[in-house]
Number of protein chains: 4
Amino acid sequence: MLYFSCDYAEGCHPQVLDALAKTNMISTPGYGEDEFCEKAKAKIRDYIKCPQADIYFLVGGTQTNQVVIDSMLSNYDGVVAATTGHVAVHEAGAIEYSGHKVITVPGHEGKIDAAELKQMLVDHFADDSAEHMVNPGMVYISYPTEYGTLYSRDELEAVSSICKEYEIPLFIDGARLAYGLAAQSELTMADIASYADVFYIGGTKVGALFGEAVVFTKGNTPKHMITQIKQHGALLAKGRLLGVQFDALFTDDLYMKMGANAIEHADTIRNDLKEKGYQLYMENPTNQIFVVMENEGLKAFGKQVSYGFWEKYDDSKTVIRIATSWATTNEAVEAMKKIL
Amino acid sequence: MLYFSCDYAEGCHPQVLDALAKTNMISTPGYGEDEFCEKAKAKIRDYIKCPQADIYFLVGGTQTNQVVIDSMLSNYDGVVAATTGHVAVHEAGAIEYSGHKVITVPGHEGKIDAAELKQMLVDHFADDSAEHMVNPGMVYISYPTEYGTLYSRDELEAVSSICKEYEIPLFIDGARLAYGLAAQSELTMADIASYADVFYIGGTKVGALFGEAVVFTKGNTPKHMITQIKQHGALLAKGRLLGVQFDALFTDDLYMKMGANAIEHADTIRNDLKEKGYQLYMENPTNQIFVVMENEGLKAFGKQVSYGFWEKYDDSKTVIRIATSWATTNEAVEAMKKIL
Amino acid sequence: MLYFSCDYAEGCHPQVLDALAKTNMISTPGYGEDEFCEKAKAKIRDYIKCPQADIYFLVGGTQTNQVVIDSMLSNYDGVVAATTGHVAVHEAGAIEYSGHKVITVPGHEGKIDAAELKQMLVDHFADDSAEHMVNPGMVYISYPTEYGTLYSRDELEAVSSICKEYEIPLFIDGARLAYGLAAQSELTMADIASYADVFYIGGTKVGALFGEAVVFTKGNTPKHMITQIKQHGALLAKGRLLGVQFDALFTDDLYMKMGANAIEHADTIRNDLKEKGYQLYMENPTNQIFVVMENEGLKAFGKQVSYGFWEKYDDSKTVIRIATSWATTNEAVEAMKKIL
Amino acid sequence: MLYFSCDYAEGCHPQVLDALAKTNMISTPGYGEDEFCEKAKAKIRDYIKCPQADIYFLVGGTQTNQVVIDSMLSNYDGVVAATTGHVAVHEAGAIEYSGHKVITVPGHEGKIDAAELKQMLVDHFADDSAEHMVNPGMVYISYPTEYGTLYSRDELEAVSSICKEYEIPLFIDGARLAYGLAAQSELTMADIASYADVFYIGGTKVGALFGEAVVFTKGNTPKHMITQIKQHGALLAKGRLLGVQFDALFTDDLYMKMGANAIEHADTIRNDLKEKGYQLYMENPTNQIFVVMENEGLKAFGKQVSYGFWEKYDDSKTVIRIATSWATTNEAVEAMKKIL
């Protein structure tokens, strides 16, 4: 069976595993107060050219979104997201569970439109009933989006400047950040850090066993952050595991190399698909490929390739997701080509 | 100044005030464990032809929506509502505050469409990711809706039968129930009770100082309901005040007579408006009238009539809301006609 | 039946009812944006000699405690209270429901001890694990306490100065404030305002139908307070009812006169009890009297007098509560004396 | 530096690391729907002699307590715990954050007393105000306790039978379960499973990188458990990591062997301490040793041994915690003996 169903199907990159093994029997303090975490943070600060960055390591994506959003918002605030945003759809209500509304604006292949965002804010603050409504207290976008699309520099700048105008923090979910950055050339991670008030560097989907690095970029860390993390059940006892892994991810450019691996293979697969006459459901440049498949053919295909169901296309067709990752090999891509 | 801005601008109907005055110095137990509450509940049970109804009196609408939804839902549940539903827009996030997502379906002049509701449920339960999403655990509709429109018997039956099929309770927000029932002839309050698993009879907007009567119609009262009400800060110490008022509302058909008063005057005003060439923003049969006004004329109008701002129509026009109520008089309607 | 079971057994003082009746058909804006509320606030500000006071009217005590505590605290904060404090015991978990721990310190006949409070704070902040614990973010006391006792000026000053030292707001629950102030002579309501960062003036138990006036005394109102109140389901549509009532309470010194009525009668009853050889469970100067009664005699007594059960004393005796109020009459007190 | 400060200072047992390494590049579905998890669950079910056990793997202790308690309780419920219980003190309010009060009963060297528990329940349900109080909906105990003490079989049975009598589930926190079971001989893990309605087998402190196995023993798994776990941000994407680890822990009796290692070394240290004249703060049989140390000597000691601060004993002495673990070696114990 070929595995293309998601980008978290394997353990971790061998270099990450190696780092864990090498440090395994070293004793350190718990809860992230260890030297590995410090070292990893220093490397990240350096890499994103943001010396004042304050960094916290968490375990998973939904957890990170919940903790970041809840710790930065006040009771009366909600978070603005695309209708298709992960926080709006696929987190089992984790944001509402923590008391905050996800205020949706239209998603355009996963992206929010700066002009529509602006209009929503204008309308909200002009509304006589604004005090009876949830206050827009943060804007959440994902890079890449849930549809594998990317904001251009101009688009990102436009969203960011609206946030600045309204003094609303911009939160960029970077669960697949490496795959986004590797798929284009106009934005670096330092740019992401400069546009975002807070963002996270996804490890779970990019070669770590688990782990997301939350970066507060503007001296804007919520107070008692450790207490808030603990309160959400999100403080890892052996925090050093996160430090060790992120240290490895940011050594020898491993994080970006893994991003490049996924993108290279995704591009190949996209070409293979087109060559074989398949219809892409959506054009996007990152590691997720959305293909329209005949239900008939899909059955046979599914016996040899593990893919992700995305949605029904029509009565005879289905949209599936093929995801490459840091772990994808030439062999697997070639093997799938033969099956297509 | 003529007051047409809302239906909660005055105190209460004189008969309600009279009942409060007459019982004022009688001593009773607190928290609704008094004979006035018992008497009022018996009258309501009788009126809605639902002997098994379990009734709780609360103070206001948002409070009622929060308590009912939160006490009936489990952690993993959300409530389905129209995008324009009160719980979705104008309750400052009270539902999310209590941990539940408001899952929206399109609002059609305030109403949800049974077929769209069904499709949403079909899609949800067919989704491979359903367990990563909020479970649709209740359907919320308002009768009349926030736009003053009404579900027909067929529409209500369609929504209700989908709820039954999926074993999801149907909650009908009756903040303006009297105005809905008085504006049509095919549905009685007993019908509402039969379609709904839980609904409330609005007092605040229909002649009480305050108060909403929540009715669980199917032996489905959440456990420890008094504790849950208290926990939401919603248990009135002098609960008897609610009993006394609802007793008065359900004496001599006062509740429905007040409904009829509002509708009669609203119909007159709608005619007056059409006669004078005004454009109604939306046709609806209840006590809220939405009119498109020239911004120019609106300034002068606003000096003599207190109205509700609804929304911007275009650069030169505005949609306003004119609301009649139990307190509206012939004199006021005639005076406004002259101003139009 | 004589009613001494609580201080919220009747409706409201005739002057309050009169004010409601007189203003009943006047049209005003909703949600407390009316002139009656403004007028009442001005009177209160004047009475408590606190021109900068920011005042909000809410409906009930538990609701008020929940809204005040939740709006002033951050996620990571808890509220410190006596083990016997209303928020710790009798609010059905309303504080925890809003996400905050009630951190308890010993209650001494209902009061917290300043030295013990200080020690708790010293210990907390000295604890290596402080970041893994709930942060003490507010101190809650009640005046009078749930046991009808009063803090002396010195005691109040001691608690207040510890709060100042630790920059933790002091919240004084004044559900029965009139009964406390009337029972002693060293403290005025202006003193309460000066010691507290936020307090409330209880109306429900002192002659209003319902209503509590929350006073932020130090320019410390939480942001978007109306939104937060709405979010808790606590924003009364006809807010004017609260304004009208508090205006009446603060006219002709009615609030304090009602306090004095309750205290005078309570003192008489305490004397009657002692004279007849009853054992007081606890000495206190306010409107709640705790008496130890033989279970035998209690049965007969209970047929003529409605009292409050407090707790079991031993196998043959019970502690009961007798409460006087603004509504207590000479006749009732005399009638009870005969029964004793 | 010798590390005795806690039992989570290293990575994981070499056999666990080996299992992770061997399975690292195998592709599996996410979220625990993999064969490793299935295999580990089967081994645990077998080991605890509870074929109907339903098992979920979570990442950490506070997270587990929050998810278990919140998913099993209704809104109106609180959890009963010792005043010294982890959920009551050291989880940053994670339980209250999820809306539930921690109702405390006295802790006796960490344990609750069955008779006191019973009395609390008797009093609660006899209280006229019970509906205004938080309902005791679960009993939480830890085995071993936070003070390293153990319930005897009789004590456990007594607590369990009270829970059964009141139909309240008993939750046993087994963060250090191996260290408890290895320190006595009258109880097996199967006994724990039989007394508890839900318990967890701690991995984080017993040789795993992280991970706790929650076991519902009585067919009592909360509905939509995966959704609830996700909602708390607690669903690990690469759930297989937990399966792989627990499979290793339950292979060749590794879990219990690690427990025995810690206990053997703890017993040696306790003897060494007594021999050298140190005062134990508390006698207990598990892996945590509480010693009273002179502040003077402690400074020097601390330069060579990393220990845990527990609390101030008096002005010249301090209580410290020395913890052994699966990772403790003969060499370290002997080296410390020389330092004592």
# chains A, B, ... in the order shown; residues from 1 in each chain; ligands from 1
call {"tool": "residues_around", "arguments": {"residues": "range 298-304 of chain B", "least_positions_apart": "5", "cutoff": "7 Å", "atoms": "only C-alpha atoms", "output": "mmCIF file with C-alpha atoms, in the first residue's frame"}}
result
data_model
loop_
_atom_site.group_PDB
_atom_site.id
_atom_site.type_symbol
_atom_site.label_atom_id
_atom_site.label_comp_id
_atom_site.auth_asym_id
_atom_site.auth_seq_id
_atom_site.Cartn_x
_atom_site.Cartn_y
_atom_site.Cartn_z
ATOM 1 C CA MET B 1 -41.818 61.739 20.446
ATOM 2 C CA LEU B 2 -43.633 58.685 19.105
ATOM 3 C CA MET B 293 -36.233 55.389 3.862
#
call {"tool": "residues_around", "arguments": {"residues": "Lys337 in chain D", "least_positions_apart": "2", "cutoff": "10 Å", "atoms": "only C-alpha atoms", "output": "number ranges by chain"}}
result
D: 268-269, 271-273, 276, 331-335, 339-340
call {"tool": "closest_atom_pairs", "arguments": {"of": "chain C", "to": "chain D", "cutoff": "6 Å", "atoms": "only C-alpha atoms", "output": "CSV"}}
result
residue,atom,partner,partner_atom,distance
C:His90,CA,D:Met133,CA,5.1
C:Glu91,CA,D:His132,CA,5.8
C:Ala92,CA,D:Met133,CA,4.0
C:Gly93,CA,D:Val134,CA,5.5
C:Glu96,CA,D:Glu96,CA,5.0
C:Tyr97,CA,D:Gly99,CA,4.0
C:Gly99,CA,D:Tyr97,CA,4.0
C:His100,CA,D:Glu96,CA,5.7
C:Lys101,CA,D:Glu96,CA,5.6
C:His132,CA,D:Ala92,CA,4.8
C:Met133,CA,D:Ala92,CA,4.0
C:Val134,CA,D:Ala92,CA,4.6
call {"tool": "residues_around", "arguments": {"residues": "Ile112 in chain C", "least_positions_apart": "5", "cutoff": "8 Å", "atoms": "only C-alpha atoms", "output": "mmCIF file with N, CA, C and O atoms, in the first residue's frame"}}
result
data_model
loop_
_atom_site.group_PDB
_atom_site.id
_atom_site.type_symbol
_atom_site.label_atom_id
_atom_site.label_comp_id
_atom_site.auth_asym_id
_atom_site.auth_seq_id
_atom_site.Cartn_x
_atom_site.Cartn_y
_atom_site.Cartn_z
ATOM 1 N N ALA C 81 -11.967 33.480 48.552
ATOM 2 C CA ALA C 81 -13.163 33.699 49.362
ATOM 3 C C ALA C 81 -13.082 32.845 50.615
ATOM 4 O O ALA C 81 -12.302 31.889 50.678
ATOM 5 N N ALA C 82 -13.907 33.182 51.595
ATOM 6 C CA ALA C 82 -14.026 32.335 52.780
ATOM 7 C C ALA C 82 -14.648 31.001 52.374
ATOM 8 O O ALA C 82 -15.438 30.944 51.425
ATOM 9 N N VAL C 105 -10.078 30.400 51.849
ATOM 10 C CA VAL C 105 -9.339 30.600 53.100
ATOM 11 C C VAL C 105 -10.371 30.379 54.204
ATOM 12 O O VAL C 105 -11.578 30.486 53.958
ATOM 13 N N PRO C 106 -9.913 30.065 55.418
ATOM 14 C CA PRO C 106 -10.889 29.751 56.470
ATOM 15 C C PRO C 106 -11.890 30.884 56.697
ATOM 16 O O PRO C 106 -11.544 32.069 56.608
ATOM 17 N N GLY C 107 -13.129 30.507 56.956
ATOM 18 C CA GLY C 107 -14.148 31.489 57.321
ATOM 19 C C GLY C 107 -14.317 31.483 58.835
ATOM 20 O O GLY C 107 -14.437 30.425 59.435
ATOM 21 N N LEU C 117 -5.184 35.640 55.158
ATOM 22 C CA LEU C 117 -5.181 36.008 53.740
ATOM 23 C C LEU C 117 -3.755 36.330 53.293
ATOM 24 O O LEU C 117 -3.266 35.841 52.270
ATOM 25 N N ILE C 141 -15.289 39.318 49.614
ATOM 26 C CA ILE C 141 -15.876 39.216 50.957
ATOM 27 C C ILE C 141 -17.320 39.695 50.869
ATOM 28 O O ILE C 141 -17.704 40.361 49.908
#
call {"tool": "residues_around", "arguments": {"residues": "Thr145 in chain C", "least_positions_apart": "2", "cutoff": "10 Å", "atoms": "only C-alpha atoms", "output": "list in words"}}
result
Ala82, Thr84, Gly85, His86, Gly107, Glu109, Gly110, Lys111, Ile112, Ile141, Ser142, Tyr143, Tyr147, Gly148, Thr149, Leu150, Tyr151, Ile172, Asp173, Gly174, Ala175, Arg176, Leu177, Gly180, Asn284 and Thr286 of chain C
call {"tool": "closest_residue", "arguments": {"among": "B:Asp253, B:Glu294, B:Asp267, B:Asp247", "to": "Lys43 in chain B", "atoms": "only C-alpha atoms"}}
result
B:Asp247
call {"tool": "select_by_dssp", "arguments": {"residues": "range 78-126 of chain D", "states": "strand (DSSP E)", "output": "ChimeraX atom specification"}}
result
/D:78-82,102-105
call {"tool": "write_last_selection", "arguments": {"atoms": "all heavy atoms", "output": "PDB file, in the first residue's frame"}}
result
ATOM      1  N   GLY D  78     -19.700  18.481  40.076  1.00  0.00           N
ATOM      2  CA  GLY D  78     -18.320  18.748  40.424  1.00  0.00           C
ATOM      3  C   GLY D  78     -17.633  17.436  40.741  1.00  0.00           C
ATOM      4  O   GLY D  78     -18.269  16.381  40.781  1.00  0.00           O
ATOM      5  N   VAL D  79     -16.333  17.512  40.971  1.00  0.00           N
ATOM      6  CA  VAL D  79     -15.574  16.307  41.303  1.00  0.00           C
ATOM      7  C   VAL D  79     -15.054  16.445  42.732  1.00  0.00           C
ATOM      8  O   VAL D  79     -14.519  17.487  43.110  1.00  0.00           O
ATOM      9  CB  VAL D  79     -14.423  16.084  40.298  1.00  0.00           C
ATOM     10  CG1 VAL D  79     -13.498  17.292  40.236  1.00  0.00           C
ATOM     11  CG2 VAL D  79     -13.622  14.832  40.634  1.00  0.00           C
ATOM     12  N   VAL D  80     -15.222  15.400  43.513  1.00  0.00           N
ATOM     13  CA  VAL D  80     -14.753  15.395  44.901  1.00  0.00           C
ATOM     14  C   VAL D  80     -13.298  14.922  44.933  1.00  0.00           C
ATOM     15  O   VAL D  80     -12.969  13.909  44.321  1.00  0.00           O
ATOM     16  CB  VAL D  80     -15.612  14.443  45.759  1.00  0.00           C
ATOM     17  CG1 VAL D  80     -15.127  14.446  47.208  1.00  0.00           C
ATOM     18  CG2 VAL D  80     -17.089  14.829  45.676  1.00  0.00           C
ATOM     19  N   ALA D  81     -12.449  15.664  45.620  1.00  0.00           N
ATOM     20  CA  ALA D  81     -11.034  15.295  45.717  1.00  0.00           C
ATOM     21  C   ALA D  81     -10.496  15.705  47.070  1.00  0.00           C
ATOM     22  O   ALA D  81     -11.105  16.530  47.770  1.00  0.00           O
ATOM     23  CB  ALA D  81     -10.230  15.990  44.614  1.00  0.00           C
ATOM     24  N   ALA D  82      -9.365  15.126  47.433  1.00  0.00           N
ATOM     25  CA  ALA D  82      -8.681  15.566  48.645  1.00  0.00           C
ATOM     26  C   ALA D  82      -8.196  16.996  48.458  1.00  0.00           C
ATOM     27  O   ALA D  82      -7.888  17.418  47.334  1.00  0.00           O
ATOM     28  CB  ALA D  82      -7.490  14.652  48.922  1.00  0.00           C
ATOM     29  N   VAL D 102     -14.003  21.690  41.941  1.00  0.00           N
ATOM     30  CA  VAL D 102     -13.363  20.622  42.686  1.00  0.00           C
ATOM     31  C   VAL D 102     -13.839  20.775  44.133  1.00  0.00           C
ATOM     32  O   VAL D 102     -13.516  21.754  44.799  1.00  0.00           O
ATOM     33  CB  VAL D 102     -11.824  20.701  42.595  1.00  0.00           C
ATOM     34  CG1 VAL D 102     -11.202  19.555  43.390  1.00  0.00           C
ATOM     35  CG2 VAL D 102     -11.364  20.667  41.144  1.00  0.00           C
ATOM     36  N   ILE D 103     -14.645  19.827  44.565  1.00  0.00           N
ATOM     37  CA  ILE D 103     -15.211  19.845  45.918  1.00  0.00           C
ATOM     38  C   ILE D 103     -14.223  19.112  46.806  1.00  0.00           C
ATOM     39  O   ILE D 103     -13.932  17.934  46.575  1.00  0.00           O
ATOM     40  CB  ILE D 103     -16.563  19.103  45.942  1.00  0.00           C
ATOM     41  CG1 ILE D 103     -17.534  19.703  44.916  1.00  0.00           C
ATOM     42  CG2 ILE D 103     -17.153  19.092  47.340  1.00  0.00           C
ATOM     43  CD1 ILE D 103     -18.744  18.815  44.619  1.00  0.00           C
ATOM     44  N   THR D 104     -13.669  19.794  47.807  1.00  0.00           N
ATOM     45  CA  THR D 104     -12.605  19.140  48.566  1.00  0.00           C
ATOM     46  C   THR D 104     -13.089  18.520  49.866  1.00  0.00           C
ATOM     47  O   THR D 104     -13.976  19.041  50.527  1.00  0.00           O
ATOM     48  CB  THR D 104     -11.457  20.117  48.873  1.00  0.00           C
ATOM     49  OG1 THR D 104     -12.006  21.292  49.464  1.00  0.00           O
ATOM     50  CG2 THR D 104     -10.716  20.493  47.612  1.00  0.00           C
ATOM     51  N   VAL D 105     -12.484  17.390  50.177  1.00  0.00           N
ATOM     52  CA  VAL D 105     -12.617  16.762  51.501  1.00  0.00           C
ATOM     53  C   VAL D 105     -11.197  16.697  52.055  1.00  0.00           C
ATOM     54  O   VAL D 105     -10.224  16.762  51.299  1.00  0.00           O
ATOM     55  CB  VAL D 105     -13.255  15.353  51.401  1.00  0.00           C
ATOM     56  CG1 VAL D 105     -14.733  15.445  51.038  1.00  0.00           C
ATOM     57  CG2 VAL D 105     -12.513  14.484  50.403  1.00  0.00           C
TER      58      VAL D 105
END
call {"tool": "select_by_dssp", "arguments": {"residues": "range 1-244 of chain D", "states": "helix (DSSP H, G or I)", "output": "PyMOL selection string"}}
result
chain D and resi 14-22+35-47+61-72+86-89+94-97+114-126+130-132+153-166+177-182+189-195+225-231+240-244
call {"tool": "write_last_selection", "arguments": {"atoms": "C-alpha atoms", "output": "compact mmCIF listing (two decimals), in the first residue's frame"}}
result
# COMPACT_ATOMS: atom_id res chain seq x y z
CA PRO D 14 15.53 2.15 25.94
CA GLN D 15 13.00 -0.54 25.02
CA VAL D 16 10.41 2.15 24.40
CA LEU D 17 12.83 4.17 22.32
CA ASP D 18 13.71 1.06 20.42
CA ALA D 19 10.07 0.38 19.63
CA LEU D 20 9.64 3.94 18.39
CA ALA D 21 12.74 3.64 16.22
CA LYS D 22 11.72 0.31 14.72
CA GLU D 35 -2.76 -1.30 14.64
CA PHE D 36 -0.18 -0.34 17.27
CA CYS D 37 -2.87 1.24 19.38
CA GLU D 38 -5.09 -1.78 18.91
CA LYS D 39 -2.31 -4.11 19.96
CA ALA D 40 -1.44 -2.07 23.02
CA LYS D 41 -5.09 -1.90 24.07
CA ALA D 42 -5.42 -5.67 23.75
CA LYS D 43 -2.38 -6.19 25.95
CA ILE D 44 -3.70 -3.84 28.60
CA ARG D 45 -7.16 -5.41 28.59
CA ASP D 46 -5.51 -8.75 29.06
CA TYR D 47 -3.20 -7.53 31.79
CA GLY D 61 -1.63 13.95 33.25
CA THR D 62 -3.41 17.27 33.64
CA GLN D 63 -4.84 16.85 30.17
CA THR D 64 -6.08 13.41 31.09
CA ASN D 65 -7.68 14.59 34.31
CA GLN D 66 -9.38 17.45 32.48
CA VAL D 67 -10.67 15.29 29.64
CA VAL D 68 -11.86 12.42 31.83
CA ILE D 69 -13.57 14.62 34.40
CA ASP D 70 -15.17 16.96 31.89
CA SER D 71 -16.38 14.20 29.59
CA MET D 72 -17.91 12.16 32.41
CA HIS D 86 -3.46 17.17 42.01
CA VAL D 87 -6.68 18.37 40.40
CA ALA D 88 -7.34 20.61 43.41
CA VAL D 89 -3.96 22.28 43.60
CA ALA D 94 -7.79 23.07 34.48
CA ILE D 95 -10.87 21.47 36.02
CA GLU D 96 -12.56 24.76 36.81
CA TYR D 97 -11.55 26.01 33.36
CA ALA D 114 -14.11 6.89 53.39
CA ALA D 115 -16.09 7.90 56.45
CA GLU D 116 -15.51 11.59 55.79
CA LEU D 117 -16.47 11.12 52.16
CA LYS D 118 -19.66 9.41 53.22
CA GLN D 119 -20.47 12.14 55.71
CA MET D 120 -19.96 14.81 53.07
CA LEU D 121 -22.37 13.03 50.75
CA VAL D 122 -24.92 12.47 53.51
CA ASP D 123 -24.75 16.14 54.46
CA HIS D 124 -24.97 17.30 50.88
CA PHE D 125 -28.06 15.34 50.01
CA ALA D 126 -29.72 16.20 53.32
CA ALA D 130 -28.59 21.01 47.72
CA GLU D 131 -30.06 22.20 44.44
CA HIS D 132 -28.20 25.51 44.92
CA ARG D 153 -7.28 -2.77 49.82
CA ASP D 154 -9.72 -2.11 52.63
CA GLU D 155 -9.49 1.63 52.23
CA LEU D 156 -9.97 1.40 48.49
CA GLU D 157 -12.87 -0.93 48.87
CA ALA D 158 -14.51 1.41 51.37
CA VAL D 159 -14.22 4.41 49.03
CA SER D 160 -15.39 2.33 46.10
CA SER D 161 -18.44 0.99 47.88
CA ILE D 162 -19.55 4.49 48.91
CA CYS D 163 -19.26 5.53 45.28
CA LYS D 164 -21.36 2.55 44.25
CA GLU D 165 -23.94 3.33 46.91
CA TYR D 166 -24.29 6.89 45.63
CA LEU D 177 0.60 3.60 39.08
CA ALA D 178 3.61 1.32 38.59
CA TYR D 179 5.33 2.82 41.61
CA GLY D 180 2.25 2.21 43.72
CA LEU D 181 1.69 -1.34 42.63
CA ALA D 182 5.35 -2.26 43.01
CA MET D 189 -3.64 -3.53 38.39
CA ALA D 190 -6.64 -5.79 37.85
CA ASP D 191 -7.84 -4.81 41.31
CA ILE D 192 -7.47 -1.14 40.45
CA ALA D 193 -9.52 -1.78 37.33
CA SER D 194 -12.17 -3.51 39.33
CA TYR D 195 -12.51 -0.77 41.97
CA MET D 225 -15.25 10.46 23.09
CA ILE D 226 -12.99 11.24 20.13
CA THR D 227 -14.84 14.50 19.54
CA GLN D 228 -14.49 15.40 23.19
CA ILE D 229 -10.78 14.62 23.19
CA LYS D 230 -10.31 16.72 20.05
CA GLN D 231 -12.33 19.55 21.58
CA ARG D 240 0.41 5.58 16.93
CA LEU D 241 3.22 6.95 19.08
CA LEU D 242 1.10 6.23 22.12
CA GLY D 243 0.22 2.76 20.90
CA VAL D 244 3.83 1.91 20.18
call {"tool": "atom_distance", "arguments": {"atom1": "CA of Gly11 in chain A", "atom2": "CA of Gly211 in chain D"}}
result
15.6 Å
call {"tool": "residues_around", "arguments": {"residues": "Gly30 in chain A", "least_positions_apart": "5", "cutoff": "9 Å", "atoms": "only C-alpha atoms", "output": "list in words"}}
result
Leu236, Ala237, Lys238, Gly239 and Arg240 of chain A; Cys6, Tyr8 and Ala9 of chain D
